[in-house]
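Colleague: The following block contains the structure, expressed as structure tokens.
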Amino acid sequence: MTPAPIAVALDAPDLETAARWAALVTPHVSTVKVGLELYLRYGPDVIASVRGASGVQVFLDLKLHDIPNTVAGATRAVARLRPAFLTVHAAGGPAMIRAAVEAAPHTQIAAVTVLTSLTDADLAAVGLAGPAEDAVRRLAALSVGAGARALVCSPNEVAAVRAEVGPGITLITPGVRPPGADSQDQARVATPEQALADGADLLVIGRPITGSADPGAAAAGIAASLRRTSHPV
Ligand SMILES: O=C(O)c1cc(=O)[nH]c(=O)n1[C@@H]1O[C@H](COP(=O)(O)O)[C@@H](O)[C@H]1O
């Protein structure tokens, strides 16, 4: 069976746990995601550990945000690990995004528009007035103009972003929760089925899978529900 378009966020405190989660979920999902918690503790070795024997696609989520020269150097430093995706913050601006794109020709640079943990009130507090969707659309257009071929947004904005950037751009949505699940620190959320129906290409899901007693079964369950949605019987 084709693995589901899900990136499981391996936000674990230690490498053994992350590698175990990766092994349990990789039969069911296309991608595993390494973020700041694991990468800052273990460095580049973590990539090989979670890739394991399966060779599953790895998404490196470092959310780089600095001046263009520094981001180019940081991107070059990790490009040799050949992650399928590497995140940068779109708010770093077009020159920074372009620097990352040029520094990693074999990796898709994914520009994070507005973090899924932020509400409209949070955005107003940091000086971004207006609904999140306006900022997301603006940052999405800017990122694609700077050469990004992948974008990160919440499922609530994915339909608007798709309308803005067209079909060729990979849209990645965290802030995904199965029906009835706790949204925890996520503010702009939707179900996996809704995110896919609205145009997402890859769903980032962490704790609803890794916090389950059986992460393999949790991943398989969500993958099966997505298959039912895309091919209703
Ligand atoms: O870039 C990301 O992956 C990301 C962007 C964003 O706006 N929101 C967001 O939650 N993420 C990541 O997606 C994952 C979501 O995890 P859960 O909330 O446990 O499903 C975490 O690893 C976050 O770092």
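Labels for the structure tokens follow display order: chains A, B, ..., residues from 1 in each chain, ligands from 1.
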Would you list the residues that come within 10 Å of ligand 1? Count only C-alpha atoms and all ligand atoms and give the answer as a ChimeraX atom specification.
Modeller: /A:7-12,33-37,59-63,86-89,110-118,151-154,172-177,182-189,203-211
Colleague: Could you write out that same residue set with C-alpha atoms as a PDB file, in the first residue's frame?
Modeller:
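Once everything was written out, this is out.pdb:
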ATOM      1  CA  ALA A   7       5.116  13.631   8.046  1.00  0.00           C
ATOM      2  CA  VAL A   8       5.275  12.308  11.593  1.00  0.00           C
ATOM      3  CA  ALA A   9       6.893  14.911  13.870  1.00  0.00           C
ATOM      4  CA  LEU A  10       9.488  12.995  15.896  1.00  0.00           C
ATOM      5  CA  ASP A  11       9.591  15.485  18.769  1.00  0.00           C
ATOM      6  CA  ALA A  12      11.281  13.119  21.215  1.00  0.00           C
ATOM      7  CA  LYS A  33      10.193  15.040  10.563  1.00  0.00           C
ATOM      8  CA  VAL A  34      13.230  15.946  12.665  1.00  0.00           C
ATOM      9  CA  GLY A  35      12.877  19.234  14.524  1.00  0.00           C
ATOM     10  CA  LEU A  36      14.856  21.459  16.818  1.00  0.00           C
ATOM     11  CA  GLU A  37      14.584  19.263  19.923  1.00  0.00           C
ATOM     12  CA  PHE A  59      11.931  16.481   6.632  1.00  0.00           C
ATOM     13  CA  LEU A  60      14.428  18.662   8.520  1.00  0.00           C
ATOM     14  CA  ASP A  61      12.514  21.342  10.387  1.00  0.00           C
ATOM     15  CA  LEU A  62      15.053  23.898  11.617  1.00  0.00           C
ATOM     16  CA  LYS A  63      12.957  27.009  10.804  1.00  0.00           C
ATOM     17  CA  LEU A  86      14.154  22.069   5.043  1.00  0.00           C
ATOM     18  CA  THR A  87      12.119  24.842   6.716  1.00  0.00           C
ATOM     19  CA  VAL A  88      12.915  28.545   6.839  1.00  0.00           C
ATOM     20  CA  HIS A  89      10.694  31.329   8.198  1.00  0.00           C
ATOM     21  CA  ALA A 110       9.653  24.982   2.754  1.00  0.00           C
ATOM     22  CA  ALA A 111       8.775  28.513   3.833  1.00  0.00           C
ATOM     23  CA  VAL A 112       6.810  28.665   7.103  1.00  0.00           C
ATOM     24  CA  THR A 113       4.190  31.401   6.714  1.00  0.00           C
ATOM     25  CA  VAL A 114       2.454  31.963  10.096  1.00  0.00           C
ATOM     26  CA  LEU A 115       2.992  29.435  12.904  1.00  0.00           C
ATOM     27  CA  THR A 116      -0.102  27.317  13.552  1.00  0.00           C
ATOM     28  CA  SER A 117       0.141  28.101  17.280  1.00  0.00           C
ATOM     29  CA  LEU A 118      -0.692  31.781  16.707  1.00  0.00           C
ATOM     30  CA  LEU A 151       5.032  26.251   1.939  1.00  0.00           C
ATOM     31  CA  VAL A 152       3.906  25.558   5.495  1.00  0.00           C
ATOM     32  CA  CYS A 153       0.543  26.943   6.634  1.00  0.00           C
ATOM     33  CA  SER A 154      -2.362  25.810   8.795  1.00  0.00           C
ATOM     34  CA  ILE A 172       2.427  21.312   4.060  1.00  0.00           C
ATOM     35  CA  THR A 173       0.032  21.638   6.989  1.00  0.00           C
ATOM     36  CA  PRO A 174       0.793  21.122  10.672  1.00  0.00           C
ATOM     37  CA  GLY A 175      -2.022  21.944  13.108  1.00  0.00           C
ATOM     38  CA  VAL A 176      -3.736  18.663  12.250  1.00  0.00           C
ATOM     39  CA  ARG A 177      -5.913  16.871  14.788  1.00  0.00           C
ATOM     40  CA  ASP A 182      -6.986  17.852  22.006  1.00  0.00           C
ATOM     41  CA  SER A 183      -5.518  20.769  20.032  1.00  0.00           C
ATOM     42  CA  GLN A 184      -2.872  21.329  22.793  1.00  0.00           C
ATOM     43  CA  ASP A 185      -0.737  24.390  21.895  1.00  0.00           C
ATOM     44  CA  GLN A 186      -2.030  24.532  18.309  1.00  0.00           C
ATOM     45  CA  ALA A 187      -4.472  27.378  17.565  1.00  0.00           C
ATOM     46  CA  ARG A 188      -5.436  27.013  13.890  1.00  0.00           C
ATOM     47  CA  VAL A 189      -6.352  23.349  13.415  1.00  0.00           C
ATOM     48  CA  LEU A 203       0.126  16.654   6.734  1.00  0.00           C
ATOM     49  CA  VAL A 204       2.492  17.142   9.688  1.00  0.00           C
ATOM     50  CA  ILE A 205       1.190  15.166  12.663  1.00  0.00           C
ATOM     51  CA  GLY A 206       3.071  14.676  15.905  1.00  0.00           C
ATOM     52  CA  ARG A 207       1.521  14.059  19.295  1.00  0.00           C
ATOM     53  CA  PRO A 208      -1.758  12.486  18.070  1.00  0.00           C
ATOM     54  CA  ILE A 209       0.520   9.685  16.768  1.00  0.00           C
ATOM     55  CA  THR A 210       3.607   9.723  18.999  1.00  0.00           C
ATOM     56  CA  GLY A 211       1.589  10.303  22.182  1.00  0.00           C
TER      57      GLY A 211
END
Colleague: Based on the backbone DSSP call, show me all residues of chain A assigned strand (DSSP E), as number ranges by chain.
Modeller: A: 4-9, 29-34, 57-64, 85-89, 108-112, 150-152, 170-173, 202-205
Colleague: Taking a cut-off of 8 Å and counting only C-alpha atoms, can you build a table that, for each residue of stretch 42-154 of chain A near stretch 19-23 of chain A, reports the nearest atom pair and how far apart they are in Å (one decimal), sorted by chain then residue number, as a tab-separated table?
Modeller:
residue	atom	partner	partner_atom	distance
A:Ser49	CA	A:Ala19	CA	6.0
A:Val50	CA	A:Ala19	CA	4.8
A:Arg51	CA	A:Ala22	CA	7.6
A:Gly52	CA	A:Ala23	CA	7.4
Colleague: Given the choices A:Val165, A:Ala91, A:Ala219, A:Leu196, which gets closest to A:Pro27 if the distance is worked out from only C-alpha atoms?
Modeller: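 Using only C-alpha atoms, A:Pro27 sits closest to A:Ala219.
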Colleague: Could you please determine the separation between atom CA of A:Arg162 and atom CA of A:Thr31 in Å, to one decimal place?
Modeller: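 If I compute the distance from atom CA of A:Arg162 to atom CA of A:Thr31, I get 21.6 Å.
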Colleague: Go through A:Ser54, A:Pro179, A:Ala218, A:Asn156 and flag the residue nearest A:Ala197, using only C-alpha atoms for the distances.
Modeller: A:Asn156
Colleague: List every residue of stretch 94-133 of chain A that has an atom at most 6 Å from any atom of stretch 66-76 of chain A, and for each one report the closest atom pair and its distance in Å to one decimal, counting only C-alpha atoms, with rows sorted by chain and then by increasing residue number, as JSON lines.
Modeller:
{"residue": "A:Met96", "atom": "CA", "partner": "A:Pro68", "partner_atom": "CA", "distance": 4.1}
{"residue": "A:Ala99", "atom": "CA", "partner": "A:Ala72", "partner_atom": "CA", "distance": 5.2}
{"residue": "A:Ala100", "atom": "CA", "partner": "A:Ala72", "partner_atom": "CA", "distance": 5.1}
{"residue": "A:Ala103", "atom": "CA", "partner": "A:Arg76", "partner_atom": "CA", "distance": 5.4}
Colleague: Need to verify the contact set: A:Thr229, 12 Å, only C-alpha atoms, exclusion of same-chain residues closer than 6 positions in sequence. Can you return it as a count of residues only?
Modeller: 11
Colleague: Per DSSP on the backbone, what are the alpha helix (DSSP H) residues of stretch 107-216 of chain A, as an NGL selection string?
Modeller: :A and (120-125 or 132-145 or 158-165 or 192-197 or 207-210 or 215-216)
Colleague: Would you export the selected residues with N, CA and C atoms as a short mmCIF file (atom, residue, chain, number, x, y, z; two decimals), in the first residue's frame, please?
Modeller:
data_model
loop_
_atom_site.label_atom_id
_atom_site.label_comp_id
_atom_site.auth_asym_id
_atom_site.auth_seq_id
_atom_site.Cartn_x
_atom_site.Cartn_y
_atom_site.Cartn_z
N ASP A 120 -5.25 35.16 15.85
CA ASP A 120 -5.29 36.52 15.31
C ASP A 120 -4.84 37.53 16.38
N ALA A 121 -5.21 37.28 17.65
CA ALA A 121 -4.82 38.21 18.72
C ALA A 121 -3.30 38.17 18.93
N ASP A 122 -2.70 36.99 18.84
CA ASP A 122 -1.23 36.90 18.95
C ASP A 122 -0.56 37.70 17.84
N LEU A 123 -1.13 37.58 16.64
CA LEU A 123 -0.54 38.29 15.51
C LEU A 123 -0.65 39.81 15.70
N ALA A 124 -1.80 40.26 16.20
CA ALA A 124 -1.96 41.69 16.46
C ALA A 124 -0.93 42.14 17.49
N ALA A 125 -0.64 41.29 18.49
CA ALA A 125 0.31 41.66 19.54
C ALA A 125 1.73 41.82 18.99
N ALA A 132 -5.19 36.02 10.24
CA ALA A 132 -4.00 35.24 9.90
C ALA A 132 -3.95 34.95 8.40
N GLU A 133 -5.13 34.69 7.83
CA GLU A 133 -5.14 34.32 6.41
C GLU A 133 -4.50 35.38 5.52
N ASP A 134 -4.67 36.66 5.86
CA ASP A 134 -4.08 37.72 5.03
C ASP A 134 -2.55 37.62 5.05
N ALA A 135 -1.99 37.46 6.26
CA ALA A 135 -0.53 37.37 6.39
C ALA A 135 -0.03 36.10 5.71
N VAL A 136 -0.77 35.00 5.86
CA VAL A 136 -0.34 33.73 5.25
C VAL A 136 -0.30 33.87 3.73
N ARG A 137 -1.33 34.45 3.16
CA ARG A 137 -1.37 34.60 1.69
C ARG A 137 -0.25 35.50 1.20
N ARG A 138 -0.01 36.58 1.93
CA ARG A 138 1.05 37.52 1.53
C ARG A 138 2.42 36.82 1.58
N LEU A 139 2.67 36.11 2.68
CA LEU A 139 3.96 35.44 2.85
C LEU A 139 4.11 34.27 1.87
N ALA A 140 3.01 33.63 1.54
CA ALA A 140 3.06 32.52 0.57
C ALA A 140 3.47 33.06 -0.80
N ALA A 141 2.84 34.14 -1.24
CA ALA A 141 3.17 34.72 -2.55
C ALA A 141 4.62 35.20 -2.58
N LEU A 142 5.04 35.85 -1.51
CA LEU A 142 6.42 36.35 -1.42
C LEU A 142 7.43 35.19 -1.51
N SER A 143 7.12 34.09 -0.80
CA SER A 143 8.05 32.94 -0.75
C SER A 143 8.18 32.28 -2.12
N VAL A 144 7.05 32.11 -2.78
CA VAL A 144 7.08 31.48 -4.11
C VAL A 144 7.82 32.40 -5.08
N GLY A 145 7.61 33.69 -4.96
CA GLY A 145 8.32 34.66 -5.79
C GLY A 145 9.82 34.59 -5.58
N VAL A 158 -5.21 26.60 3.88
CA VAL A 158 -4.59 25.91 2.75
C VAL A 158 -5.36 26.12 1.44
N ALA A 159 -6.68 26.22 1.51
CA ALA A 159 -7.45 26.42 0.27
C ALA A 159 -7.13 27.80 -0.31
N ALA A 160 -7.04 28.81 0.56
CA ALA A 160 -6.72 30.17 0.08
C ALA A 160 -5.31 30.21 -0.49
N VAL A 161 -4.38 29.49 0.14
CA VAL A 161 -3.00 29.50 -0.36
C VAL A 161 -2.94 28.78 -1.71
N ARG A 162 -3.66 27.68 -1.82
CA ARG A 162 -3.68 26.96 -3.11
C ARG A 162 -4.20 27.88 -4.21
N ALA A 163 -5.27 28.63 -3.90
CA ALA A 163 -5.82 29.55 -4.91
C ALA A 163 -4.78 30.61 -5.27
N GLU A 164 -3.99 31.00 -4.30
CA GLU A 164 -2.98 32.06 -4.51
C GLU A 164 -1.80 31.56 -5.34
N VAL A 165 -1.30 30.34 -5.07
CA VAL A 165 -0.02 29.92 -5.67
C VAL A 165 -0.17 28.87 -6.77
N PRO A 192 -7.37 15.71 9.65
CA PRO A 192 -6.56 15.28 8.50
C PRO A 192 -7.38 15.25 7.22
N GLU A 193 -8.60 14.76 7.30
CA GLU A 193 -9.45 14.63 6.11
C GLU A 193 -9.73 16.01 5.51
N GLN A 194 -10.03 16.99 6.40
CA GLN A 194 -10.34 18.34 5.93
C GLN A 194 -9.12 18.97 5.28
N ALA A 195 -7.94 18.80 5.91
CA ALA A 195 -6.71 19.40 5.38
C ALA A 195 -6.44 18.87 3.97
N LEU A 196 -6.60 17.57 3.80
CA LEU A 196 -6.34 16.96 2.48
C LEU A 196 -7.38 17.45 1.47
N ALA A 197 -8.65 17.47 1.88
CA ALA A 197 -9.72 17.89 0.97
C ALA A 197 -9.52 19.34 0.53
N ARG A 207 2.02 14.68 18.07
CA ARG A 207 1.52 14.06 19.30
C ARG A 207 0.29 13.16 19.14
N PRO A 208 -0.64 13.45 18.21
CA PRO A 208 -1.76 12.49 18.07
C PRO A 208 -1.26 11.09 17.69
N ILE A 209 -0.06 11.00 17.10
CA ILE A 209 0.52 9.68 16.77
C ILE A 209 1.54 9.27 17.83
N THR A 210 2.51 10.13 18.11
CA THR A 210 3.61 9.72 19.00
C THR A 210 3.17 9.65 20.46
N PRO A 215 2.04 3.96 18.51
CA PRO A 215 2.19 4.93 17.41
C PRO A 215 1.99 4.31 16.02
N GLY A 216 2.40 3.06 15.85
CA GLY A 216 2.22 2.40 14.56
C GLY A 216 0.74 2.28 14.21
#
Colleague: Counting only C-alpha atoms, what is within 12 Å of A:Ala224, bar same-chain residues fewer than 6 positions away, as an mmCIF file with N, CA and C atoms, in the first residue's frame?
Modeller:
data_model
loop_
_atom_site.group_PDB
_atom_site.id
_atom_site.type_symbol
_atom_site.label_atom_id
_atom_site.label_comp_id
_atom_site.auth_asym_id
_atom_site.auth_seq_id
_atom_site.Cartn_x
_atom_site.Cartn_y
_atom_site.Cartn_z
ATOM 1 N N MET A 1 0.846 -1.201 0.000
ATOM 2 C CA MET A 1 0.000 0.000 0.000
ATOM 3 C C MET A 1 0.885 1.258 0.000
ATOM 4 N N THR A 2 0.520 2.273 -0.791
ATOM 5 C CA THR A 2 1.328 3.506 -0.816
ATOM 6 C C THR A 2 1.231 4.198 0.542
ATOM 7 N N PRO A 3 2.381 4.616 1.088
ATOM 8 C CA PRO A 3 2.329 5.317 2.375
ATOM 9 C C PRO A 3 1.519 6.610 2.270
ATOM 10 N N ALA A 4 0.830 6.975 3.354
ATOM 11 C CA ALA A 4 -0.004 8.184 3.353
ATOM 12 C C ALA A 4 0.865 9.438 3.351
ATOM 13 N N PRO A 5 0.328 10.552 2.806
ATOM 14 C CA PRO A 5 1.095 11.809 2.768
ATOM 15 C C PRO A 5 1.119 12.490 4.138
ATOM 16 N N ILE A 6 1.813 11.838 5.057
ATOM 17 C CA ILE A 6 1.912 12.329 6.435
ATOM 18 C C ILE A 6 3.387 12.401 6.803
ATOM 19 N N HIS A 28 3.564 3.123 7.196
ATOM 20 C CA HIS A 28 2.255 3.749 6.926
ATOM 21 C C HIS A 28 2.346 5.166 6.386
ATOM 22 N N VAL A 29 3.475 5.854 6.591
ATOM 23 C CA VAL A 29 3.574 7.274 6.226
ATOM 24 C C VAL A 29 4.761 7.518 5.303
ATOM 25 N N PRO A 192 -7.371 15.712 9.647
ATOM 26 C CA PRO A 192 -6.555 15.281 8.503
ATOM 27 C C PRO A 192 -7.375 15.246 7.216
ATOM 28 N N GLU A 193 -8.598 14.762 7.303
ATOM 29 C CA GLU A 193 -9.450 14.635 6.113
ATOM 30 C C GLU A 193 -9.729 16.010 5.509
ATOM 31 N N ALA A 217 -0.061 1.850 15.185
ATOM 32 C CA ALA A 217 -1.507 1.695 14.956
ATOM 33 C C ALA A 217 -2.166 3.054 14.747
ATOM 34 N N ALA A 218 -1.710 4.072 15.489
ATOM 35 C CA ALA A 218 -2.295 5.415 15.323
ATOM 36 C C ALA A 218 -2.017 5.932 13.910
ATOM 37 N N SER A 230 -10.014 9.991 0.217
ATOM 38 C CA SER A 230 -9.630 10.257 -1.172
ATOM 39 C C SER A 230 -10.305 9.305 -2.150
ATOM 40 N N HIS A 231 -10.636 8.097 -1.696
ATOM 41 C CA HIS A 231 -11.302 7.135 -2.589
ATOM 42 C C HIS A 231 -12.541 6.581 -1.890
ATOM 43 N N PRO A 232 -13.606 7.368 -1.750
ATOM 44 C CA PRO A 232 -14.770 6.862 -1.026
ATOM 45 C C PRO A 232 -15.333 5.613 -1.703
#
Colleague: Atom CA of A:Leu38 and atom CA of A:Arg149 are how many Å apart?
Modeller: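 Between atom CA of A:Leu38 and atom CA of A:Arg149 the gap is 25.3 Å.
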Colleague: Between A:Asp14, A:Ala48, A:Asp201, A:Ala84, which is the closest to A:Gly168 once you count only C-alpha atoms?
Modeller: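 The answer is A:Asp201, which sits nearest to A:Gly168.
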Colleague: Which distance in Å separates atom CA of A:Val58 and atom CA of A:Pro167, to one decimal?
Modeller: 22.9 Å
